file run-v3.cif (mmCIF, C-alpha atoms)
data_model
#
loop_
_atom_site.label_atom_id
_atom_site.label_comp_id
_atom_site.auth_asym_id
_atom_site.auth_seq_id
_atom_site.Cartn_x
_atom_site.Cartn_y
_atom_site.Cartn_z
CA MET B 1 0.00 0.00 0.00
CA GLU B 2 2.87 2.37 0.80
CA PHE B 3 4.27 1.84 -2.72
CA LEU B 4 0.99 3.02 -4.29
CA LYS B 5 0.61 5.96 -1.88
CA LYS B 6 4.13 7.19 -2.60
CA SER B 7 3.47 6.81 -6.36
CA VAL B 8 0.34 8.95 -6.14
CA GLU B 9 2.18 11.56 -4.08
CA ILE B 10 4.70 12.11 -6.90
CA PRO B 11 3.16 14.43 -9.54
CA SER B 12 3.42 13.08 -13.08
CA ILE B 13 1.31 15.28 -15.34
CA SER B 14 1.61 14.10 -18.92
CA GLY B 15 4.92 15.27 -20.36
CA ASN B 16 6.42 15.73 -16.88
CA GLU B 17 6.88 12.16 -15.66
CA THR B 18 10.65 12.33 -14.98
CA GLU B 19 10.53 12.18 -11.18
CA PHE B 20 7.99 9.37 -11.07
CA SER B 21 9.82 7.47 -13.83
CA GLN B 22 13.04 7.57 -11.81
CA PHE B 23 11.20 6.52 -8.63
CA LEU B 24 9.67 3.57 -10.46
CA LEU B 25 13.03 2.56 -11.97
CA ASN B 26 14.74 2.57 -8.56
CA SER B 27 11.85 0.76 -6.86
CA MET B 28 11.75 -2.04 -9.43
CA LYS B 29 15.53 -2.47 -9.25
CA LYS B 30 15.27 -2.96 -5.48
CA MET B 31 12.49 -5.53 -6.00
CA GLY B 32 14.76 -7.61 -8.24
CA PHE B 33 13.46 -6.80 -11.72
CA HIS B 34 15.77 -6.56 -14.72
CA VAL B 35 14.70 -3.01 -15.49
CA LYS B 36 15.62 -0.15 -17.81
CA GLN B 37 14.46 3.32 -18.72
CA ASP B 38 14.23 4.27 -22.39
CA GLU B 39 15.00 7.68 -23.89
CA LEU B 40 11.42 8.91 -23.41
CA GLY B 41 11.23 7.84 -19.78
CA ASN B 42 9.27 4.60 -20.21
CA VAL B 43 10.21 2.11 -17.49
CA ILE B 44 10.41 -1.51 -18.66
CA GLY B 45 10.92 -4.36 -16.20
CA LYS B 46 11.37 -8.02 -17.00
CA ILE B 47 11.57 -11.37 -15.26
CA GLY B 48 12.11 -14.81 -16.75
CA ASN B 49 13.41 -15.74 -20.18
CA GLY B 50 12.24 -17.09 -23.50
CA SER B 51 8.73 -17.79 -24.71
CA PRO B 52 5.91 -17.38 -24.04
CA VAL B 53 5.97 -13.62 -23.38
CA LEU B 54 3.28 -11.79 -21.37
CA LEU B 55 3.17 -7.96 -21.45
CA LEU B 56 1.54 -6.07 -18.59
CA CYS B 57 1.48 -2.37 -19.35
CA SER B 58 -0.07 0.83 -17.98
CA HIS B 59 0.76 4.53 -17.92
CA MET B 60 2.64 6.74 -15.50
CA ASP B 61 1.20 10.10 -16.53
CA THR B 62 -1.93 11.84 -15.29
CA VAL B 63 -4.17 14.64 -16.44
CA VAL B 64 -3.66 18.10 -14.96
CA GLY B 65 -5.07 18.96 -11.57
CA THR B 66 -4.02 18.44 -7.98
CA ILE B 67 -5.95 16.37 -5.46
CA PRO B 68 -4.60 16.24 -1.89
CA VAL B 69 -3.32 12.72 -1.24
CA LYS B 70 -5.03 11.16 1.75
CA LEU B 71 -6.26 7.85 3.12
CA GLU B 72 -9.84 8.12 4.26
CA LYS B 73 -12.39 5.40 5.08
CA GLY B 74 -10.51 2.75 3.14
CA ASN B 75 -9.96 4.94 0.07
CA LEU B 76 -6.78 6.52 -1.27
CA TYR B 77 -7.45 9.94 -2.80
CA GLY B 78 -5.11 11.62 -5.25
CA ARG B 79 -4.57 12.44 -8.92
CA GLY B 80 -3.63 9.21 -10.68
CA ALA B 81 -4.95 6.92 -7.95
CA ILE B 82 -7.09 5.04 -10.45
CA ASP B 83 -5.89 6.53 -13.74
CA ALA B 84 -3.71 4.68 -13.80
CA LYS B 85 -1.19 4.28 -10.98
CA GLY B 86 -3.44 1.79 -9.20
CA SER B 87 -3.31 -0.46 -12.27
CA LEU B 88 0.41 0.00 -12.86
CA ILE B 89 1.50 -0.59 -9.26
CA SER B 90 -0.80 -3.61 -8.86
CA MET B 91 0.82 -5.15 -11.96
CA ILE B 92 4.32 -4.54 -10.60
CA CYS B 93 3.43 -5.97 -7.19
CA ALA B 94 1.81 -9.08 -8.69
CA VAL B 95 4.76 -9.84 -10.97
CA ALA B 96 7.26 -9.19 -8.16
CA ARG B 97 5.82 -12.22 -6.35
CA PHE B 98 7.34 -14.43 -9.06
CA ILE B 99 10.85 -13.03 -8.81
CA GLY B 100 13.29 -15.80 -7.91
CA LYS B 101 10.74 -18.53 -8.65
CA PRO B 102 10.80 -20.96 -11.60
CA LEU B 103 8.94 -19.34 -14.48
CA SER B 104 8.02 -20.71 -17.87
CA GLY B 105 8.66 -17.79 -20.21
CA THR B 106 8.98 -14.03 -19.79
CA ILE B 107 6.85 -11.38 -18.10
CA ILE B 108 7.36 -7.74 -19.07
CA VAL B 109 5.91 -4.94 -16.95
CA ALA B 110 6.00 -1.49 -18.48
CA GLY B 111 5.06 2.00 -17.32
CA ILE B 112 4.67 4.35 -20.27
CA VAL B 113 4.71 8.14 -20.57
CA GLU B 114 2.32 10.55 -22.30
CA GLU B 115 -0.74 8.32 -22.57
CA GLU B 116 -2.96 11.30 -21.82
CA THR B 117 -1.48 13.54 -24.52
CA THR B 118 0.53 11.79 -27.28
CA LEU B 119 1.21 8.26 -28.50
CA ARG B 120 4.97 8.58 -28.06
CA GLY B 121 5.25 6.38 -24.98
CA ILE B 122 3.25 3.43 -26.25
CA ASN B 123 4.76 3.61 -29.74
CA SER B 124 8.29 3.65 -28.36
CA LEU B 125 7.52 0.65 -26.16
CA LEU B 126 5.98 -1.37 -28.98
CA ASP B 127 8.86 -0.51 -31.31
CA SER B 128 11.17 -2.22 -28.81
CA MET B 129 9.09 -5.42 -28.55
CA ASP B 130 10.52 -8.36 -30.53
CA HIS B 131 7.81 -10.84 -29.62
CA VAL B 132 4.82 -10.87 -27.28
CA ASP B 133 2.12 -13.54 -26.98
CA TYR B 134 -0.49 -11.86 -24.78
CA ALA B 135 -1.00 -8.44 -23.21
CA ILE B 136 -3.07 -6.56 -20.64
CA PHE B 137 -3.26 -2.78 -20.61
CA GLY B 138 -3.92 -1.49 -17.11
CA GLU B 139 -6.89 0.86 -16.74
CA PRO B 140 -9.65 0.95 -14.11
CA SER B 141 -12.35 -1.63 -14.79
CA GLY B 142 -13.21 -2.88 -11.29
CA VAL B 143 -11.91 -6.05 -9.69
CA ASN B 144 -14.50 -8.38 -11.25
CA ARG B 145 -14.81 -6.77 -14.69
CA ILE B 146 -12.71 -7.32 -17.82
CA CYS B 147 -12.72 -4.57 -20.41
CA ILE B 148 -13.01 -6.17 -23.86
CA ALA B 149 -14.15 -3.20 -25.95
CA SER B 150 -13.44 0.51 -26.14
CA LYS B 151 -14.26 3.41 -28.37
CA GLY B 152 -11.87 4.97 -30.83
CA ARG B 153 -10.89 8.62 -30.77
CA ILE B 154 -10.20 11.38 -33.25
CA HIS B 155 -8.84 14.67 -31.94
CA LEU B 156 -9.20 17.48 -34.47
CA HIS B 157 -7.89 21.03 -34.38
CA LEU B 158 -9.81 23.26 -36.79
CA THR B 159 -8.89 26.81 -37.75
CA PHE B 160 -11.53 28.97 -39.46
CA LYS B 161 -10.08 32.03 -41.23
CA MET B 162 -11.80 34.97 -42.91
CA LYS B 163 -9.97 36.41 -45.91
CA ARG B 164 -10.50 40.13 -45.24
CA GLY B 165 -9.08 40.11 -41.72
CA THR B 166 -10.62 41.92 -38.76
CA LEU B 167 -13.30 44.57 -39.16
CA HIS B 168 -15.40 46.68 -36.83
CA VAL B 169 -18.63 44.89 -35.97
CA SER B 170 -20.59 47.76 -37.55
CA SER B 171 -19.17 46.60 -40.91
CA SER B 172 -20.20 42.96 -40.48
CA GLU B 173 -21.97 42.99 -43.87
CA LEU B 174 -18.52 43.24 -45.48
CA ASN B 175 -17.12 40.05 -44.01
CA GLN B 176 -18.13 36.81 -42.30
CA ASN B 177 -17.74 36.14 -38.61
CA ALA B 178 -15.24 33.30 -38.02
CA ILE B 179 -17.01 32.20 -34.83
CA HIS B 180 -20.36 32.07 -36.63
CA ILE B 181 -18.82 29.98 -39.43
CA ALA B 182 -17.37 27.61 -36.84
CA ILE B 183 -20.76 27.25 -35.14
CA ASP B 184 -22.50 26.56 -38.48
CA PHE B 185 -19.86 23.94 -39.32
CA TRP B 186 -20.30 22.33 -35.90
CA ASP B 187 -24.10 22.23 -36.19
CA GLU B 188 -23.90 20.55 -39.58
CA LEU B 189 -21.29 18.05 -38.38
CA LYS B 190 -23.46 17.05 -35.42
CA LYS B 191 -26.44 16.64 -37.74
CA ARG B 192 -24.51 14.31 -40.06
CA LEU B 193 -23.12 12.25 -37.20
CA ALA B 194 -26.60 11.85 -35.70
CA GLN B 195 -27.63 9.71 -38.68
CA LYS B 196 -26.86 6.14 -39.68
CA PRO B 197 -24.32 4.55 -39.77
CA PHE B 198 -22.93 6.84 -37.06
CA GLN B 199 -25.78 6.35 -34.59
CA GLY B 200 -26.37 2.94 -33.00
CA LYS B 201 -28.88 1.50 -30.56
CA THR B 202 -26.94 2.64 -27.48
CA PRO B 203 -24.44 5.44 -26.69
CA PHE B 204 -21.54 2.97 -26.88
CA PHE B 205 -22.40 2.07 -30.46
CA SER B 206 -22.82 5.72 -31.49
CA VAL B 207 -20.38 8.43 -32.51
CA GLU B 208 -20.14 11.12 -29.83
CA PRO B 209 -18.65 14.45 -30.95
CA ASN B 210 -17.74 17.20 -28.47
CA ILE B 211 -16.16 20.63 -28.74
CA THR B 212 -13.57 20.73 -25.95
CA VAL B 213 -11.73 24.02 -26.63
CA ILE B 214 -12.78 27.09 -28.62
CA LYS B 215 -10.83 30.32 -29.14
CA GLY B 216 -11.82 33.36 -31.14
CA GLY B 217 -12.14 37.09 -31.09
CA THR B 218 -9.90 39.89 -29.80
CA ALA B 219 -12.37 42.50 -28.58
CA THR B 220 -16.10 42.93 -28.04
CA ASN B 221 -16.42 45.39 -30.94
CA VAL B 222 -14.18 43.63 -33.48
CA LEU B 223 -15.48 41.07 -35.95
CA PRO B 224 -13.52 37.82 -35.35
CA ASP B 225 -11.49 36.79 -38.39
CA VAL B 226 -10.05 33.60 -36.83
CA CYS B 227 -11.65 30.90 -34.71
CA GLU B 228 -9.85 27.80 -33.46
CA VAL B 229 -11.81 24.77 -32.32
CA ASP B 230 -10.73 21.46 -30.84
CA ILE B 231 -13.17 18.59 -31.40
CA ASP B 232 -13.05 15.21 -29.64
CA LEU B 233 -14.91 12.43 -31.46
CA ARG B 234 -15.44 9.04 -29.82
CA PHE B 235 -16.64 6.24 -32.07
CA PRO B 236 -17.39 2.53 -31.63
CA PRO B 237 -15.70 -0.55 -33.07
CA GLY B 238 -17.30 -1.22 -36.42
CA ILE B 239 -17.03 2.39 -37.55
CA GLY B 240 -13.64 3.35 -38.96
CA SER B 241 -12.01 6.72 -38.32
CA HIS B 242 -11.74 7.15 -42.09
CA GLN B 243 -15.55 7.17 -42.40
CA ILE B 244 -15.81 10.12 -40.02
CA LEU B 245 -12.92 12.00 -41.62
CA GLU B 246 -14.51 11.53 -45.05
CA GLU B 247 -17.70 13.19 -43.77
CA ILE B 248 -15.67 16.08 -42.40
CA GLU B 249 -13.87 16.52 -45.73
CA LYS B 250 -17.23 16.59 -47.57
CA LEU B 251 -18.49 19.19 -45.13
CA LYS B 252 -15.37 21.30 -45.53
CA ALA B 253 -15.84 21.51 -49.32
CA ASP B 254 -14.49 24.89 -50.46
CA LYS B 255 -14.59 26.53 -47.04
CA ASP B 256 -11.42 28.18 -45.76
CA ILE B 257 -10.80 25.71 -42.94
CA GLU B 258 -7.51 24.21 -41.85
CA ILE B 259 -7.99 20.75 -40.34
CA LYS B 260 -5.29 18.99 -38.31
CA VAL B 261 -5.75 15.43 -37.06
CA LEU B 262 -3.87 15.37 -33.75
CA SER B 263 -4.88 11.89 -32.65
CA GLN B 264 -6.48 8.97 -34.48
CA ILE B 265 -7.11 5.68 -32.66
CA GLU B 266 -9.54 3.03 -33.84
CA GLY B 267 -12.23 1.42 -31.70
CA PHE B 268 -11.56 -2.08 -30.44
CA ARG B 269 -13.36 -5.28 -29.51
CA ALA B 270 -11.41 -8.24 -28.11
CA ASP B 271 -12.20 -11.88 -28.77
CA LYS B 272 -13.63 -13.36 -25.56
CA GLU B 273 -12.73 -16.89 -26.68
CA THR B 274 -9.01 -16.73 -25.90
CA LYS B 275 -6.84 -18.21 -23.18
CA LEU B 276 -6.03 -14.66 -22.08
CA VAL B 277 -9.65 -13.89 -21.28
CA GLU B 278 -10.34 -17.38 -19.97
CA SER B 279 -7.41 -17.26 -17.54
CA LEU B 280 -8.29 -13.81 -16.16
CA LYS B 281 -11.94 -14.80 -15.83
CA ILE B 282 -11.01 -17.90 -13.80
CA ALA B 283 -8.60 -15.88 -11.64
CA ILE B 284 -11.25 -13.25 -10.86
CA GLU B 285 -13.84 -15.84 -9.90
CA GLU B 286 -11.45 -17.89 -7.76
CA VAL B 287 -10.10 -14.88 -5.86
CA THR B 288 -13.29 -12.83 -5.45
CA GLY B 289 -15.89 -15.61 -5.35
CA SER B 290 -18.04 -13.55 -7.73
CA GLU B 291 -18.81 -13.90 -11.42
CA ALA B 292 -16.45 -12.15 -13.80
CA LYS B 293 -18.25 -9.69 -16.08
CA PHE B 294 -17.34 -7.99 -19.32
CA LEU B 295 -17.13 -4.25 -19.77
CA ARG B 296 -17.32 -1.86 -22.74
CA LYS B 297 -15.75 1.54 -22.12
CA GLY B 298 -16.70 4.77 -23.84
CA GLY B 299 -13.13 5.98 -23.41
CA THR B 300 -10.24 5.08 -25.66
CA ASN B 301 -7.88 2.36 -24.50
CA PHE B 302 -4.39 1.50 -25.71
CA MET B 303 -5.33 -2.19 -25.95
CA THR B 304 -6.38 -1.39 -29.53
CA ILE B 305 -2.89 -0.10 -30.37
CA ILE B 306 -1.16 -3.03 -28.69
CA SER B 307 -3.38 -5.65 -30.32
CA ASN B 308 -3.21 -4.12 -33.80
CA ARG B 309 0.52 -3.43 -33.73
CA LEU B 310 1.61 -6.77 -32.27
CA GLN B 311 -1.25 -8.85 -33.71
CA ILE B 312 -1.94 -10.51 -30.35
CA PRO B 313 -4.88 -10.88 -27.95
CA CYS B 314 -5.11 -7.92 -25.58
CA ILE B 315 -7.62 -6.83 -22.92
CA SER B 316 -7.76 -4.14 -20.25
CA TYR B 317 -8.05 -4.65 -16.50
CA GLY B 318 -7.31 -2.80 -13.29
CA PRO B 319 -8.69 -1.62 -9.95
CA GLY B 320 -11.02 1.33 -9.60
CA ASP B 321 -14.26 2.81 -10.82
CA PRO B 322 -13.72 4.16 -14.36
CA THR B 323 -16.33 6.89 -13.85
CA LEU B 324 -13.89 8.56 -11.41
CA GLU B 325 -11.21 9.07 -14.08
CA HIS B 326 -10.22 12.74 -14.55
CA THR B 327 -12.56 13.88 -11.76
CA ALA B 328 -11.89 16.11 -8.75
CA THR B 329 -12.76 13.21 -6.41
CA GLU B 330 -10.50 10.55 -7.96
CA HIS B 331 -9.82 7.79 -5.46
CA ILE B 332 -9.25 4.06 -5.23
CA ASP B 333 -10.66 1.51 -2.82
CA VAL B 334 -7.60 0.10 -1.06
CA ALA B 335 -9.18 -3.32 -0.49
CA GLU B 336 -10.03 -3.59 -4.19
CA TYR B 337 -6.51 -2.58 -5.19
CA GLN B 338 -5.07 -5.30 -2.95
CA GLN B 339 -7.55 -7.86 -4.31
CA VAL B 340 -6.54 -7.03 -7.90
CA ILE B 341 -2.93 -7.91 -6.98
CA GLU B 342 -4.19 -11.33 -5.86
CA VAL B 343 -6.19 -11.73 -9.07
CA LEU B 344 -3.20 -10.85 -11.23
CA GLU B 345 -0.95 -13.24 -9.31
CA LYS B 346 -3.45 -16.05 -9.90
CA PHE B 347 -3.85 -15.01 -13.54
CA ILE B 348 -0.09 -15.15 -14.16
CA SER B 349 0.03 -18.67 -12.72
CA LEU B 350 -2.83 -19.74 -14.99
CA ILE B 351 -1.70 -18.08 -18.19
CA THR B 352 1.86 -19.38 -17.96
CA LEU B 353 0.46 -22.86 -17.34
CA HIS B 354 -1.83 -22.52 -20.37
CA LEU B 355 0.99 -21.32 -22.58
CA ARG B 356 3.53 -24.02 -21.83
#
call {"tool": "encode", "arguments": {"input": "run-v3.cif", "output": "structure tokens"}}
result
Amino acid sequence: MEFLKKSVEIPSISGNETEFSQFLLNSMKKMGFHVKQDELGNVIGKIGNGSPVLLLCSHMDTVVGTIPVKLEKGNLYGRGAIDAKGSLISMICAVARFIGKPLSGTIIVAGIVEEETTLRGINSLLDSMDHVDYAIFGEPSGVNRICIASKGRIHLHLTFKMKRGTLHVSSSELNQNAIHIAIDFWDELKKRLAQKPFQGKTPFFSVEPNITVIKGGTATNVLPDVCEVDIDLRFPPGIGSHQILEEIEKLKADKDIEIKVLSQIEGFRADKETKLVESLKIAIEEVTGSEAKFLRKGGTNFMTIISNRLQIPCISYGPGDPTLEHTATEHIDVAEYQQVIEVLEKFISLITLHLR
């Protein structure tokens, strides 16, 4: 528990993970891992040798915002407690229990940087992987739930520019208002994405667009000639990012709009009929005494990148309530965190047995 608490106490906002990365490196060395730190700050620990290879991976970085770290009524509060230091530290603790014991194959535990902002951490890690058989990406799912599906994400930055530059608002008939053009574009985009095939029977199976940042205007009496808009689009497996981008290109037509795609991750659905899922399901049920359930998350999960890049089965699992991610009350149930360590220990025993 002290390991997790100390991890949460060390700030690691995305892009500023250096202190936590070094802490993790030193801690894993003391535990007996063969561990290294790559040029980006990813920390990669390993035990065992040869095949099969199991990858357990989560992220070190957090979103912005400070939450006082405290233990209260069985919960640990703090930024990163569930997203995703609880997952990462539970993975490290579970694997550490096999250090010095006979092991059939290799287990890699990795903490990556910049999950919340860029793909640099995960891409660097996967570039270094020669061979992996199975993987779990650590994110909060709850102790008895396995995440097998997640939405994809497109992050767009749009710049709307008016050719004549700024004018006094009293001369608005001589030029268009960049903010008004942005609003019209947004209204039409929402209308198109509210139709089939972009709308399904439930929110998970539907495209969900949101404006997250908007900037425009310089003064209350000046007609805005530039408006910048960031749009976050979440879309389900079964709809490709290219389908959405094609609609946006059609909508753009001859308008003076600059469109930058800052992030593009596909939706994902794992095959439930694999030894990876089977082993984790058995481990959950044996440790908790309750039925293992499957979870679909509206957020985007790096299991899609891992599975597609390495062409292997991958799922997501970790302690915590996913609805608390990025909130001002982020916290983790300590008992659940400790139970997840037990589940992962049992899972490792089962999966290595299956893979022999």
call {"tool": "resolve_selection", "arguments": {"input": "run-v3.cif", "expression": "the PyMOL selection byres ((chain B and resi 99) around 8)", "output": "list in words"}}
result
Gly32, Phe33, Ile47, Val95, Ala96, Arg97, Phe98, Gly100 and Lys101 of chain B
call {"tool": "residues_near_point", "arguments": {"input": "run-v3.cif", "point": "(-3.8, 9.7, -14.3)", "cutoff": "6 Å", "atoms": "all atoms listed in the file", "output": "mmCIF file with C-alpha atoms, keeping the file's coordinate frame"}}
result
data_model
loop_
_atom_site.group_PDB
_atom_site.id
_atom_site.type_symbol
_atom_site.label_atom_id
_atom_site.label_comp_id
_atom_site.auth_asym_id
_atom_site.auth_seq_id
_atom_site.Cartn_x
_atom_site.Cartn_y
_atom_site.Cartn_z
ATOM 1 C CA ASP B 61 1.200 10.100 -16.530
ATOM 2 C CA THR B 62 -1.930 11.840 -15.290
ATOM 3 C CA VAL B 63 -4.170 14.640 -16.440
ATOM 4 C CA GLY B 80 -3.630 9.210 -10.680
ATOM 5 C CA ASP B 83 -5.890 6.530 -13.740
ATOM 6 C CA ALA B 84 -3.710 4.680 -13.800
#
call {"tool": "residues_near_point", "arguments": {"input": "run-v3.cif", "point": "(-6.5, -11.5, -13.6)", "cutoff": "8 Å", "atoms": "all atoms listed in the file", "output": "list in words"}}
result
Ser279, Leu280, Lys281, Ile282, Ala283, Ile284, Tyr317, Val340, Val343, Leu344, Glu345, Lys346, Phe347 and Ile348 of chain B
call {"tool": "atom_distance", "arguments": {"input": "run-v3.cif", "atom1": "atom CA of Leu223 of chain B", "atom2": "atom CA of Ala178 of chain B"}}
result
8.0 Å
call {"tool": "resolve_selection", "arguments": {"input": "run-v3.cif", "expression": "the PyMOL selection byres ((chain B and resi 104-115) around 7)", "output": "JSON, numbers by chain"}}
result
{"B": [14, 15, 17, 41, 42, 43, 44, 45, 46, 47, 48, 49, 50, 51, 52, 53, 54, 55, 56, 57, 58, 59, 60, 61, 88, 92, 102, 103, 116, 117, 118, 119, 120, 121, 122, 352, 356]}
call {"tool": "resolve_selection", "arguments": {"input": "run-v3.cif", "expression": "the PyMOL selection byres ((chain B and resi 86) around 8)", "output": "list in words"}}
result
Leu4, Gly80, Ala81, Ile82, Asp83, Ala84, Lys85, Ser87, Leu88, Ile89, Ser90, Pro140, Gly318, Pro319, Gly320, Ile332 and Tyr337 of chain B
call {"tool": "closest_residue", "arguments": {"input": "run-v3.cif", "among": "B:Leu76, B:Cys227, B:Val64, B:Ile154", "to": "Asp256 of chain B", "atoms": "all atoms listed in the file"}}
result
B:Cys227
call {"tool": "atom_distance", "arguments": {"input": "run-v3.cif", "atom1": "atom CA of His326 of chain B", "atom2": "atom CA of Tyr134 of chain B"}}
result
28.4 Å
call {"tool": "closest_residue", "arguments": {"input": "run-v3.cif", "among": "B:Leu350, B:Cys147, B:Leu24, B:Ile211", "to": "Lys293 of chain B", "atoms": "all atoms listed in the file"}}
result
B:Cys147
call {"tool": "closest_residue", "arguments": {"input": "run-v3.cif", "among": "B:Ala194, B:Leu25, B:Val277, B:Ile257", "to": "Ile351 of chain B", "atoms": "only C-alpha atoms"}}
result
B:Val277
call {"tool": "closest_residue", "arguments": {"input": "run-v3.cif", "among": "B:Leu156, B:Asn308, B:Gly216, B:Glu247", "to": "Leu233 of chain B", "atoms": "only C-alpha atoms"}}
result
B:Leu156
